[in-house]
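Shown below: input30.pdb, with PDB, C-alpha atoms, pLDDT in the B column.
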ATOM      1  CA  MET U1029       0.000   0.000   0.000  1.00 48.00           C
ATOM      2  CA  PHE U1030       1.300   3.448  -0.848  1.00 52.00           C
ATOM      3  CA  ASP U1031       1.332   6.567   1.289  1.00 62.00           C
ATOM      4  CA  GLN U1032      -1.271   8.982  -0.073  1.00 74.00           C
ATOM      5  CA  SER U1033       0.791  12.066   0.824  1.00 72.00           C
ATOM      6  CA  ILE U1034       3.739  10.667  -1.154  1.00 70.00           C
ATOM      7  CA  CYS U1035       1.375  10.030  -4.062  1.00 81.00           C
ATOM      8  CA  ILE U1036       0.045  13.601  -3.942  1.00 85.00           C
ATOM      9  CA  ASN U1037       3.589  14.996  -3.772  1.00 90.00           C
ATOM     10  CA  SER U1038       4.626  12.803  -6.693  1.00 91.00           C
ATOM     11  CA  LEU U1039       1.710  14.001  -8.808  1.00 92.00           C
ATOM     12  CA  GLU U1040       2.585  17.611  -7.958  1.00 94.00           C
ATOM     13  CA  ASP U1041       6.165  16.904  -8.999  1.00 95.00           C
ATOM     14  CA  LEU U1042       4.960  15.469 -12.333  1.00 94.00           C
ATOM     15  CA  ARG U1043       3.080  18.684 -13.026  1.00 93.00           C
ATOM     16  CA  SER U1044       5.925  20.945 -11.862  1.00 95.00           C
ATOM     17  CA  GLY U1045       7.656  21.289 -15.223  1.00 94.00           C
ATOM     18  CA  ASN U1046      10.963  20.613 -13.441  1.00 96.00           C
ATOM     19  CA  PRO U1047      12.645  17.653 -15.172  1.00 96.00           C
ATOM     20  CA  THR U1048      14.526  16.546 -12.054  1.00 95.00           C
ATOM     21  CA  ARG U1049      11.370  16.492  -9.959  1.00 96.00           C
ATOM     22  CA  GLN U1050       9.447  14.798 -12.773  1.00 97.00           C
ATOM     23  CA  ALA U1051      12.044  12.031 -13.179  1.00 95.00           C
ATOM     24  CA  GLU U1052      12.117  11.315  -9.447  1.00 95.00           C
ATOM     25  CA  ALA U1053       8.312  11.325  -9.291  1.00 96.00           C
ATOM     26  CA  LEU U1054       8.019   8.841 -12.155  1.00 97.00           C
ATOM     27  CA  LEU U1055      10.255   6.374 -10.329  1.00 95.00           C
ATOM     28  CA  ARG U1056       8.346   6.816  -7.058  1.00 94.00           C
ATOM     29  CA  LEU U1057       5.015   6.262  -8.798  1.00 95.00           C
ATOM     30  CA  VAL U1058       6.267   3.032 -10.359  1.00 96.00           C
ATOM     31  CA  ASP U1059       7.742   1.871  -7.047  1.00 94.00           C
ATOM     32  CA  ASP U1060       4.463   2.642  -5.255  1.00 93.00           C
ATOM     33  CA  GLU U1061       2.375   1.150  -8.089  1.00 94.00           C
ATOM     34  CA  VAL U1062       0.209   4.256  -8.457  1.00 94.00           C
ATOM     35  CA  TYR U1063      -1.844   3.216 -11.479  1.00 95.00           C
ATOM     36  CA  GLU U1064      -4.037   6.276 -11.061  1.00 94.00           C
ATOM     37  CA  ALA U1065      -1.115   8.457 -12.181  1.00 96.00           C
ATOM     38  CA  VAL U1066      -1.350   7.358 -15.821  1.00 97.00           C
ATOM     39  CA  PRO U1067      -3.356  10.423 -16.989  1.00 97.00           C
ATOM     40  CA  ASP U1068      -0.675  12.657 -15.470  1.00 96.00           C
ATOM     41  CA  ILE U1069       2.163  10.640 -17.009  1.00 98.00           C
ATOM     42  CA  LEU U1070       0.840  10.539 -20.581  1.00 98.00           C
ATOM     43  CA  PRO U1071       1.573  14.234 -21.367  1.00 97.00           C
ATOM     44  CA  LEU U1072       5.199  13.696 -20.364  1.00 98.00           C
ATOM     45  CA  LEU U1073       5.669  11.607 -23.520  1.00 98.00           C
ATOM     46  CA  ASN U1074       5.743  14.998 -25.281  1.00 97.00           C
ATOM     47  CA  SER U1075       8.323  16.574 -22.972  1.00 97.00           C
ATOM     48  CA  PRO U1076      11.188  18.441 -24.625  1.00 97.00           C
ATOM     49  CA  GLU U1077      13.486  16.459 -22.302  1.00 97.00           C
ATOM     50  CA  THR U1078      14.636  13.092 -23.649  1.00 97.00           C
ATOM     51  CA  ALA U1079      15.062  11.646 -20.159  1.00 96.00           C
ATOM     52  CA  ILE U1080      11.491  12.557 -19.226  1.00 97.00           C
ATOM     53  CA  ARG U1081      10.006  11.040 -22.399  1.00 98.00           C
ATOM     54  CA  SER U1082      12.049   7.909 -21.787  1.00 97.00           C
ATOM     55  CA  SER U1083      11.119   7.699 -18.095  1.00 97.00           C
ATOM     56  CA  ALA U1084       7.454   8.313 -18.882  1.00 98.00           C
ATOM     57  CA  ALA U1085       7.451   5.450 -21.387  1.00 98.00           C
ATOM     58  CA  TYR U1086       9.146   3.231 -18.825  1.00 97.00           C
ATOM     59  CA  ALA U1087       6.582   4.161 -16.148  1.00 98.00           C
ATOM     60  CA  LEU U1088       3.658   3.584 -18.497  1.00 98.00           C
ATOM     61  CA  GLY U1089       5.003   0.116 -19.247  1.00 97.00           C
ATOM     62  CA  TYR U1090       4.367  -0.748 -15.612  1.00 96.00           C
ATOM     63  CA  LEU U1091       1.381   1.406 -14.734  1.00 97.00           C
ATOM     64  CA  GLY U1092      -0.569   1.531 -17.999  1.00 97.00           C
ATOM     65  CA  ILE U1093      -2.324  -1.825 -17.867  1.00 95.00           C
ATOM     66  CA  ASP U1094      -5.673  -0.396 -16.662  1.00 96.00           C
ATOM     67  CA  GLU U1095      -5.751   2.066 -19.573  1.00 96.00           C
ATOM     68  CA  ILE U1096      -4.014  -0.131 -22.101  1.00 96.00           C
ATOM     69  CA  LYS U1097      -5.673   1.216 -25.255  1.00 96.00           C
ATOM     70  CA  LYS U1098      -4.912   4.845 -24.438  1.00 97.00           C
ATOM     71  CA  VAL U1099      -1.412   4.033 -23.201  1.00 98.00           C
ATOM     72  CA  GLY U1100      -0.664   1.663 -26.077  1.00 97.00           C
ATOM     73  CA  TYR U1101      -1.715   4.255 -28.639  1.00 97.00           C
ATOM     74  CA  ALA U1102       0.424   6.919 -26.956  1.00 98.00           C
ATOM     75  CA  LEU U1103       3.449   4.615 -26.853  1.00 98.00           C
ATOM     76  CA  ILE U1104       3.036   3.668 -30.514  1.00 97.00           C
ATOM     77  CA  ASN U1105       3.136   7.381 -31.313  1.00 96.00           C
ATOM     78  CA  ILE U1106       6.614   7.733 -29.825  1.00 97.00           C
ATOM     79  CA  LEU U1107       8.131   4.768 -31.651  1.00 95.00           C
ATOM     80  CA  ASN U1108       9.521   7.304 -34.118  1.00 93.00           C
ATOM     81  CA  ASP U1109      11.025   9.570 -31.471  1.00 96.00           C
ATOM     82  CA  PRO U1110      14.362  10.999 -32.622  1.00 95.00           C
ATOM     83  CA  GLU U1111      16.084   9.620 -29.516  1.00 95.00           C
ATOM     84  CA  GLU U1112      17.045   5.942 -29.388  1.00 92.00           C
ATOM     85  CA  ILE U1113      16.446   5.566 -25.648  1.00 93.00           C
ATOM     86  CA  VAL U1114      12.865   6.813 -25.988  1.00 96.00           C
ATOM     87  CA  ARG U1115      12.169   4.356 -28.810  1.00 93.00           C
ATOM     88  CA  TYR U1116      13.773   1.598 -26.744  1.00 92.00           C
ATOM     89  CA  ASP U1117      11.647   2.333 -23.677  1.00 94.00           C
ATOM     90  CA  ALA U1118       8.495   2.595 -25.804  1.00 95.00           C
ATOM     91  CA  ILE U1119       9.146  -0.847 -27.318  1.00 93.00           C
ATOM     92  CA  GLU U1120       9.930  -2.322 -23.901  1.00 92.00           C
ATOM     93  CA  ALA U1121       6.758  -0.781 -22.452  1.00 95.00           C
ATOM     94  CA  LEU U1122       4.569  -2.053 -25.273  1.00 95.00           C
ATOM     95  CA  GLY U1123       6.070  -5.523 -24.870  1.00 92.00           C
ATOM     96  CA  GLY U1124       5.592  -5.438 -21.120  1.00 92.00           C
ATOM     97  CA  LEU U1125       1.973  -4.433 -21.541  1.00 95.00           C
ATOM     98  CA  GLN U1126       1.548  -7.128 -24.187  1.00 94.00           C
ATOM     99  CA  TYR U1127      -0.174  -4.574 -26.390  1.00 95.00           C
ATOM    100  CA  ILE U1128      -1.062  -6.786 -29.345  1.00 93.00           C
ATOM    101  CA  GLU U1129      -2.047  -3.855 -31.565  1.00 95.00           C
ATOM    102  CA  ALA U1130       1.621  -2.771 -31.583  1.00 94.00           C
ATOM    103  CA  VAL U1131       3.059  -6.033 -32.922  1.00 92.00           C
ATOM    104  CA  ASP U1132       3.449  -4.806 -36.504  1.00 93.00           C
ATOM    105  CA  GLN U1133       5.012  -1.505 -35.438  1.00 92.00           C
ATOM    106  CA  ILE U1134       7.406  -3.278 -33.077  1.00 89.00           C
ATOM    107  CA  LYS U1135       8.387  -5.760 -35.798  1.00 89.00           C
ATOM    108  CA  ASP U1136       9.059  -2.849 -38.143  1.00 89.00           C
ATOM    109  CA  LYS U1137      11.281  -1.184 -35.543  1.00 87.00           C
ATOM    110  CA  LEU U1138      13.137  -4.392 -34.782  1.00 83.00           C
ATOM    111  CA  ILE U1139      13.837  -4.876 -38.481  1.00 85.00           C
ATOM    112  CA  ASN U1140      14.527  -1.293 -39.571  1.00 86.00           C
ATOM    113  CA  ASP U1141      15.808   0.600 -36.527  1.00 82.00           C
ATOM    114  CA  PRO U1142      19.517  -0.210 -36.031  1.00 79.00           C
ATOM    115  CA  TYR U1143      19.330   0.481 -32.293  1.00 74.00           C
ATOM    116  CA  ALA U1144      16.087  -1.409 -31.708  1.00 63.00           C
ATOM    117  CA  LYS U1145      17.573  -4.632 -33.017  1.00 58.00           C
ATOM    118  CA  TYR U1146      19.154  -5.102 -29.587  1.00 64.00           C
ATOM    119  CA  ILE U1147      15.839  -4.924 -27.749  1.00 63.00           C
ATOM    120  CA  ASN U1148      13.971  -7.885 -26.357  1.00 59.00           C
ATOM    121  CA  PRO U1149      10.375  -6.569 -26.146  1.00 52.00           C
ATOM    122  CA  VAL U1150       9.289  -9.369 -23.832  1.00 53.00           C
ATOM    123  CA  SER U1151      12.134  -8.913 -21.365  1.00 50.00           C
ATOM    124  CA  ARG U1152      10.164  -6.502 -19.168  1.00 45.00           C
ATOM    125  CA  LYS U1153       7.207  -8.894 -19.097  1.00 41.00           C
ATOM    126  CA  ASN U1154       9.564 -11.604 -17.945  1.00 39.00           C
ATOM    127  CA  ARG U1155      10.993  -9.396 -15.199  1.00 37.00           C
ATOM    128  CA  VAL U1156       7.559  -8.273 -14.025  1.00 37.00           C
ATOM    129  CA  TYR U1157       5.642 -11.530 -14.234  1.00 34.00           C
ATOM    130  CA  GLY U1158       8.497 -13.996 -13.795  1.00 37.00           C
ATOM    131  CA  ASP U1159       7.624 -15.876 -16.998  1.00 38.00           C
TER
END
Kindly transcribe the structure held in the file into structure tokens.
Amino acid sequence: MFDQSICINSLEDLRSGNPTRQAEALLRLVDDEVYEAVPDILPLLNSPETAIRSSAAYALGYLGIDEIKKVGYALINILNDPEEIVRYDAIEALGGLQYIEAVDQIKDKLINDPYAKYINPVSRKNRVYGD
């Protein structure tokens, strides 16, 4: 069970516009399994900061299961991000969520994106579910 005051502080940090506070909040929300934070995390996929886009994708891979269609669609939209780490975390998140609608896009990335060829999109699922 998570501490509600920590959750409120984390959500405030997400909305702060401060990348350091946002990054720390994303990790806390994942650690505390605050699934309700997904609507506040989704806009961070459009952050000008690479680390925030990447961390948001990572967080959504863990917390997005209850809103899988909305989260899956948002993650598919960043598969063409100019930064490799963002694309990597989007693929990992989609794999972890087992978002079937993304299979063709992930295959395309694994075939055509030189960096993505080193990604195992089911590795997060295996870490989370122990499969």
Q | Residues within 9 Å of U:Arg1081, all atoms listed in the file, excluding chain neighbours under 5 positions, as a PyMOL selection string | A | chain U and resi 1072-1076+1086+1106+1114+1117
Within 12 Å of U:Arg1056, counting all atoms listed in the file, which residues qualify if same-chain residues fewer than 3 places away don't, as a short mmCIF file (atom, residue, chain, number, x, y, z; two decimals) with C-alpha atoms, in the frame of the given file?
data_model
loop_
_atom_site.label_atom_id
_atom_site.label_comp_id
_atom_site.auth_asym_id
_atom_site.auth_seq_id
_atom_site.Cartn_x
_atom_site.Cartn_y
_atom_site.Cartn_z
CA PHE U 1030 1.30 3.45 -0.85
CA ASP U 1031 1.33 6.57 1.29
CA ILE U 1034 3.74 10.67 -1.15
CA CYS U 1035 1.38 10.03 -4.06
CA ILE U 1036 0.04 13.60 -3.94
CA ASN U 1037 3.59 15.00 -3.77
CA SER U 1038 4.63 12.80 -6.69
CA LEU U 1039 1.71 14.00 -8.81
CA ASP U 1041 6.16 16.90 -9.00
CA LEU U 1042 4.96 15.47 -12.33
CA ARG U 1049 11.37 16.49 -9.96
CA GLN U 1050 9.45 14.80 -12.77
CA ALA U 1051 12.04 12.03 -13.18
CA GLU U 1052 12.12 11.32 -9.45
CA ALA U 1053 8.31 11.32 -9.29
CA ASP U 1059 7.74 1.87 -7.05
CA ASP U 1060 4.46 2.64 -5.26
CA GLU U 1061 2.38 1.15 -8.09
CA VAL U 1062 0.21 4.26 -8.46
CA TYR U 1063 -1.84 3.22 -11.48
CA ALA U 1065 -1.12 8.46 -12.18
CA SER U 1083 11.12 7.70 -18.10
CA ALA U 1084 7.45 8.31 -18.88
CA ALA U 1087 6.58 4.16 -16.15
CA LEU U 1091 1.38 1.41 -14.73
#
Q: Take atom CA of U:Gly1124 and atom CA of U:Glu1077 and report the distance between them in Å, one decimal.
A: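 Taking atom CA of U:Gly1124 and atom CA of U:Glu1077, their separation equals 23.3 Å.
Minimum atom-to-atom distances from U:Ala1079, U:Ala1085, U:Ile1096, U:Pro1142 to U:Ile1119 were compared using all atoms listed in the file, and the lowest value belongs to U:Ala1085.
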Q | Atom pair atom CA of U:Leu1122 / atom CA of U:Ala1102: separation (Å) | A |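 One can read the atom CA of U:Leu1122 to atom CA of U:Ala1102 distance as 10.0 Å.
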Q: Go through the shown structure with the PyMOL selection byres ((chain U and resi 1100) around 12) and write out the matching residues as a PyMOL selection string.
A: chain U and resi 1066+1070+1085+1088-1099+1101-1107+1118-1131+1133-1134
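Picture a line from atom CA of U:Arg1115 to atom CA of U:Arg1043; it runs 23.2 Å.
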